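Asks: run28.txt (compact mmCIF, C-alpha atoms) pasted underneath:
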# COMPACT_ATOMS: atom_id res chain seq x y z
CA MET J 2 -64.56 74.22 78.08
CA THR J 3 -65.61 71.64 75.48
CA ILE J 4 -66.32 68.19 76.79
CA GLU J 5 -64.29 65.43 75.23
CA THR J 6 -65.51 61.87 75.07
CA PRO J 7 -64.49 60.29 78.36
CA THR J 8 -62.75 56.96 78.56
CA LEU J 9 -63.94 54.54 81.21
CA ARG J 10 -61.77 52.18 83.16
CA GLN J 11 -62.15 50.16 86.31
CA ALA J 12 -60.28 51.52 89.32
CA ALA J 13 -57.36 49.62 90.81
CA ALA J 14 -56.11 49.70 94.39
CA SER J 15 -53.59 52.35 93.36
CA ASP J 16 -56.49 54.70 92.48
CA ALA J 17 -57.88 54.86 96.04
CA ALA J 18 -56.37 58.26 96.88
CA ALA J 19 -57.61 59.79 93.61
CA VAL J 20 -61.09 58.31 94.19
CA ARG J 21 -61.15 59.83 97.68
CA ALA J 22 -59.98 63.25 96.43
CA LEU J 23 -62.54 63.31 93.61
CA THR J 24 -65.37 62.28 95.94
CA ARG J 25 -64.43 64.86 98.56
CA ALA J 26 -64.35 67.60 95.91
CA ALA J 27 -67.65 66.52 94.37
CA TYR J 28 -69.55 66.36 97.67
CA ALA J 29 -68.04 69.46 99.30
CA LYS J 30 -70.86 71.66 97.99
CA TRP J 31 -73.36 69.75 100.13
CA VAL J 32 -71.61 70.36 103.47
CA PRO J 33 -73.18 73.82 104.06
CA LEU J 34 -76.61 72.48 103.07
CA ILE J 35 -76.69 69.57 105.53
CA GLY J 36 -74.24 70.87 108.15
CA ARG J 37 -71.88 67.90 107.96
CA GLU J 38 -69.83 65.92 105.49
CA PRO J 39 -71.93 63.51 103.43
CA LYS J 40 -71.02 59.87 104.10
CA PRO J 41 -69.10 59.39 100.81
CA MET J 42 -66.60 62.03 101.92
CA SER J 43 -65.33 59.77 104.71
CA ALA J 44 -65.67 56.34 103.09
CA ASP J 45 -62.79 53.85 103.12
CA TYR J 46 -61.77 53.97 99.47
CA GLU J 47 -58.82 51.62 99.95
CA ALA J 48 -61.42 48.94 100.72
CA ALA J 49 -64.04 50.18 98.25
CA VAL J 50 -61.83 49.93 95.15
CA VAL J 51 -61.06 46.32 96.09
CA ARG J 52 -64.51 45.17 97.29
CA HIS J 53 -66.75 47.14 94.92
CA ARG J 54 -66.60 48.00 91.28
CA VAL J 55 -65.47 51.59 90.82
CA ASP J 56 -65.46 52.84 87.24
CA LEU J 57 -63.53 56.00 86.46
CA ALA J 58 -64.29 58.46 83.68
CA GLU J 59 -61.19 60.20 82.42
CA ILE J 60 -61.05 63.09 80.00
CA ASN J 61 -57.73 63.63 78.27
CA GLY J 62 -56.10 61.45 80.93
CA THR J 63 -57.55 63.43 83.85
CA LEU J 64 -59.98 61.87 86.31
CA ALA J 65 -63.34 63.63 85.91
CA ALA J 66 -65.97 61.35 87.46
CA LEU J 67 -66.66 57.95 88.97
CA ILE J 68 -69.41 55.51 89.76
CA GLU J 69 -69.21 52.84 92.46
CA THR J 70 -71.48 49.80 92.21
CA LEU J 71 -71.96 46.55 94.02
CA PRO J 72 -74.22 43.57 93.40
CA ALA J 73 -76.92 42.65 95.89
CA SER J 74 -79.05 39.52 95.82
CA ASP J 75 -81.58 40.83 93.29
CA HIS J 76 -80.27 44.19 92.02
CA LEU J 77 -77.19 46.28 91.36
CA LEU J 78 -76.66 49.06 93.88
CA ILE J 79 -75.11 52.38 92.95
CA GLU J 80 -73.17 53.32 96.07
CA ASN J 81 -71.63 56.54 94.76
CA VAL J 82 -71.70 58.82 91.73
CA ALA J 83 -69.25 61.70 91.88
CA VAL J 84 -68.23 64.28 89.30
CA VAL J 85 -65.41 66.81 89.69
CA PRO J 86 -67.08 70.21 90.18
CA VAL J 87 -65.72 71.73 86.95
CA TRP J 88 -67.32 68.84 85.00
CA GLN J 89 -70.69 68.87 86.79
CA GLY J 90 -73.70 69.61 84.61
CA ARG J 91 -72.02 68.35 81.44
CA GLY J 92 -73.59 64.88 81.22
CA LEU J 93 -70.93 62.77 82.94
CA GLY J 94 -73.28 61.71 85.74
CA ARG J 95 -75.89 60.61 83.20
CA LEU J 96 -73.25 58.74 81.22
CA LEU J 97 -72.14 56.89 84.34
CA LEU J 98 -75.71 56.08 85.36
CA ARG J 99 -76.29 54.59 81.91
CA HIS J 100 -73.03 52.64 82.25
CA ALA J 101 -74.21 51.22 85.60
CA GLU J 102 -77.51 50.19 84.05
CA GLU J 103 -75.62 48.35 81.31
CA LEU J 104 -73.54 46.62 83.99
CA ALA J 105 -76.72 45.59 85.79
CA VAL J 106 -78.12 44.01 82.63
CA GLN J 107 -74.80 42.28 81.87
CA GLN J 108 -74.82 40.84 85.41
CA GLY J 109 -78.36 39.54 84.97
CA PHE J 110 -80.17 42.08 87.14
CA GLY J 111 -83.51 43.57 86.18
CA GLU J 112 -83.27 46.40 88.67
CA ILE J 113 -80.78 49.02 89.74
CA ARG J 114 -81.04 50.97 92.99
CA LEU J 115 -79.48 54.00 94.62
CA TYR J 116 -80.08 56.32 97.53
CA THR J 117 -79.43 59.97 98.24
CA ASN J 118 -80.08 62.65 100.81
CA LYS J 119 -83.49 64.26 100.29
CA ARG J 120 -81.88 67.70 100.59
CA PHE J 121 -79.79 66.97 97.47
CA GLU J 122 -82.80 68.03 95.39
CA ALA J 123 -80.83 68.41 92.16
CA ASN J 124 -79.74 64.77 92.43
CA VAL J 125 -83.28 63.56 93.12
CA ARG J 126 -84.51 65.51 90.06
CA LEU J 127 -81.73 64.04 87.92
CA TYR J 128 -82.57 60.48 88.95
CA LEU J 129 -86.30 61.02 88.40
CA GLY J 130 -85.53 62.56 85.02
CA VAL J 131 -83.68 59.46 83.82
CA GLY J 132 -86.39 57.05 84.91
CA TYR J 133 -85.78 56.23 88.56
CA ARG J 134 -88.73 56.11 90.93
CA ILE J 135 -88.84 56.89 94.63
CA ASP J 136 -89.44 53.69 96.58
CA ARG J 137 -89.38 55.11 100.08
CA GLU J 138 -87.94 57.77 102.35
CA GLU J 139 -86.40 57.04 105.74
CA GLU J 140 -85.63 59.57 108.43
CA SER J 141 -82.57 59.14 110.66
CA ALA J 142 -80.25 61.28 112.74
CA LEU J 143 -78.44 62.10 109.48
CA GLY J 144 -81.55 63.43 107.72
CA VAL J 145 -83.97 61.88 105.24
CA THR J 146 -82.65 59.25 102.84
CA VAL J 147 -84.49 58.80 99.55
CA TYR J 148 -84.31 55.24 98.19
CA MET J 149 -84.83 54.98 94.44
CA SER J 150 -84.86 52.23 91.83
CA LYS J 151 -85.23 51.65 88.13
CA THR J 152 -86.17 48.59 86.13
CA VAL J 153 -83.51 47.85 83.52
CA GLY J 154 -83.29 45.48 80.62
CA ALA J 155 -83.11 45.30 76.87
CA SER J 156 -85.99 47.77 76.58
CA THR J 157 -84.43 50.42 78.84
CA THR J 158 -84.51 53.71 77.00
CA TRP J 159 -82.67 56.93 77.66
CA ALA J 160 -83.43 60.49 76.79
CA SER J 161 -80.65 62.33 75.07
CA CYS J 162 -77.97 63.49 77.49
For the structure just supplied, provide its representation as structure tokens.

Replies:
Amino acid sequence: MTIETPTLRQAAASDAAAVRALTRAAYAKWVPLIGREPKPMSADYEAAVVRHRVDLAEINGTLAALIETLPASDHLLIENVAVVPVWQGRGLGRLLLRHAEELAVQQGFGEIRLYTNKRFEANVRLYLGVGYRIDREEESALGVTVYMSKTVGASTTWASC
């Protein structure tokens, strides 16, 4: 399958069901690893598409990936990055991370943050590979959460996707 150039658009309230379905499909592979559904699988997407910015990547009119962001006092937080399984490993996650970094700069932030489960090692490697650093790890009843951040600005550079 050849990857087409995705088009990006901001989600509307009418996209909530599609956002939920995409997220559930994208995170399903982690259920056996951690023994439960990851938090994004049960999020309230009716509220999220209204309260947060959710950008959708569509390929030939089909939803392929999304990124959910929200501003904090001094940074932009990436709440969720999800890619439909058939499109995983084809650069859509990297494209959406870059998009979020551009949003952070446009909104006047010099830092972008995200968090992930430590057991999602492929995700941690991806984030480290595109310039994020590990700020801290916190253990809870749900496992170990890895908090990561990246300084962004006009000089932010990206390796080829």

Asks: Between J:Arg37, J:Arg99, J:Lys30, J:Arg120, which residue has the minimum interatomic distance to J:Lys151, considering only C-alpha atoms?

Replies: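 For J:Lys151, the nearest of the given residues is J:Arg99.
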
Asks: Given the choices J:Gly36, J:Gly90, J:Gly111, J:Gly154, which gets closest to J:Leu127 if the distance is worked out from only C-alpha atoms?

Replies: J:Gly90

Asks: Let me make sure I understand: among J:Tyr46, J:Glu140, J:Leu77, J:Gln108, which one has the smallest atom-to-atom distance to J:Ala14 if we use only C-alpha atoms?

Replies: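 Using only C-alpha atoms, J:Ala14 sits closest to J:Tyr46.
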
Asks: Pick the closest to J:Ile79 from J:Ala17, J:Leu97, J:Ile35, J:Ala48: which is it, counting all atoms listed in the file?

Replies: J:Leu97

Asks: Kindly indicate which residue among J:Arg134, J:Arg126, J:Arg10, J:Arg91 lies nearest to J:Glu59, using only C-alpha atoms for the distances.

Replies: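 Selected residue with least distance to J:Glu59: J:Arg10.
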
Asks: Please determine the residues with any atom at most 6 Å from (-70.7, 66.7, 103.6) (coordinates as given in the file, with all atoms listed in the file counting) and report them as a VMD selection string.

Replies: chain J and resid 29 31 to 32 37 to 39

Asks: Save out the residues we just selected, C-alpha atoms, as a PDB file, keeping the file's coordinate frame.

Replies:
ATOM      1  CA  ALA J  29     -68.040  69.460  99.300  1.00  0.00           C
ATOM      2  CA  TRP J  31     -73.360  69.750 100.130  1.00  0.00           C
ATOM      3  CA  VAL J  32     -71.610  70.360 103.470  1.00  0.00           C
ATOM      4  CA  ARG J  37     -71.880  67.900 107.960  1.00  0.00           C
ATOM      5  CA  GLU J  38     -69.830  65.920 105.490  1.00  0.00           C
ATOM      6  CA  PRO J  39     -71.930  63.510 103.430  1.00  0.00           C
TER       7      PRO J  39
END

Asks: Record the distance separating atom CA of J:Val82 and atom CA of J:Glu102, expressed in Å with one decimal.

Replies: 12.9 Å

Asks: May I ask which of the residues J:His100, J:His76, J:Arg137, J:Lys40 is the closest one to J:Arg114, counting all atoms listed in the file?

Replies: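 Between J:His100, J:His76, J:Arg137, J:Lys40, the residue approaching J:Arg114 most closely is J:His76.
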
Asks: Which distance in Å separates atom CA of J:Leu78 and atom CA of J:Ile60, to one decimal?

Replies: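 Computed distance, atom CA of J:Leu78 to atom CA of J:Ile60, equals 25.2 Å.
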
Asks: Determine, counting only C-alpha atoms, which protein, DNA and RNA residues have an atom within 12 Å of an atom of J:Thr24; residues of the same chain fewer than 2 positions away are not included. Present the result as an MDAnalysis selection string.

Replies: chainID J and resid 17:22 26:31 38:46 55 57 64:69 80:86

Asks: Take the residues just selected and output them with C-alpha atoms as a PDB file, keeping the file's coordinate frame.

Replies:
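Writing done, so here's result-v5.pdb:
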ATOM      1  CA  ALA J  17     -57.880  54.860  96.040  1.00  0.00           C
ATOM      2  CA  ALA J  18     -56.370  58.260  96.880  1.00  0.00           C
ATOM      3  CA  ALA J  19     -57.610  59.790  93.610  1.00  0.00           C
ATOM      4  CA  VAL J  20     -61.090  58.310  94.190  1.00  0.00           C
ATOM      5  CA  ARG J  21     -61.150  59.830  97.680  1.00  0.00           C
ATOM      6  CA  ALA J  22     -59.980  63.250  96.430  1.00  0.00           C
ATOM      7  CA  ALA J  26     -64.350  67.600  95.910  1.00  0.00           C
ATOM      8  CA  ALA J  27     -67.650  66.520  94.370  1.00  0.00           C
ATOM      9  CA  TYR J  28     -69.550  66.360  97.670  1.00  0.00           C
ATOM     10  CA  ALA J  29     -68.040  69.460  99.300  1.00  0.00           C
ATOM     11  CA  LYS J  30     -70.860  71.660  97.990  1.00  0.00           C
ATOM     12  CA  TRP J  31     -73.360  69.750 100.130  1.00  0.00           C
ATOM     13  CA  GLU J  38     -69.830  65.920 105.490  1.00  0.00           C
ATOM     14  CA  PRO J  39     -71.930  63.510 103.430  1.00  0.00           C
ATOM     15  CA  LYS J  40     -71.020  59.870 104.100  1.00  0.00           C
ATOM     16  CA  PRO J  41     -69.100  59.390 100.810  1.00  0.00           C
ATOM     17  CA  MET J  42     -66.600  62.030 101.920  1.00  0.00           C
ATOM     18  CA  SER J  43     -65.330  59.770 104.710  1.00  0.00           C
ATOM     19  CA  ALA J  44     -65.670  56.340 103.090  1.00  0.00           C
ATOM     20  CA  ASP J  45     -62.790  53.850 103.120  1.00  0.00           C
ATOM     21  CA  TYR J  46     -61.770  53.970  99.470  1.00  0.00           C
ATOM     22  CA  VAL J  55     -65.470  51.590  90.820  1.00  0.00           C
ATOM     23  CA  LEU J  57     -63.530  56.000  86.460  1.00  0.00           C
ATOM     24  CA  LEU J  64     -59.980  61.870  86.310  1.00  0.00           C
ATOM     25  CA  ALA J  65     -63.340  63.630  85.910  1.00  0.00           C
ATOM     26  CA  ALA J  66     -65.970  61.350  87.460  1.00  0.00           C
ATOM     27  CA  LEU J  67     -66.660  57.950  88.970  1.00  0.00           C
ATOM     28  CA  ILE J  68     -69.410  55.510  89.760  1.00  0.00           C
ATOM     29  CA  GLU J  69     -69.210  52.840  92.460  1.00  0.00           C
ATOM     30  CA  GLU J  80     -73.170  53.320  96.070  1.00  0.00           C
ATOM     31  CA  ASN J  81     -71.630  56.540  94.760  1.00  0.00           C
ATOM     32  CA  VAL J  82     -71.700  58.820  91.730  1.00  0.00           C
ATOM     33  CA  ALA J  83     -69.250  61.700  91.880  1.00  0.00           C
ATOM     34  CA  VAL J  84     -68.230  64.280  89.300  1.00  0.00           C
ATOM     35  CA  VAL J  85     -65.410  66.810  89.690  1.00  0.00           C
ATOM     36  CA  PRO J  86     -67.080  70.210  90.180  1.00  0.00           C
TER      37      PRO J  86
END

Asks: Report the distance between atom CA of J:Ala101 and atom CA of J:Glu5 in Å, rounded to one decimal place.

Replies: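 Computed distance, atom CA of J:Ala101 to atom CA of J:Glu5, equals 20.2 Å.
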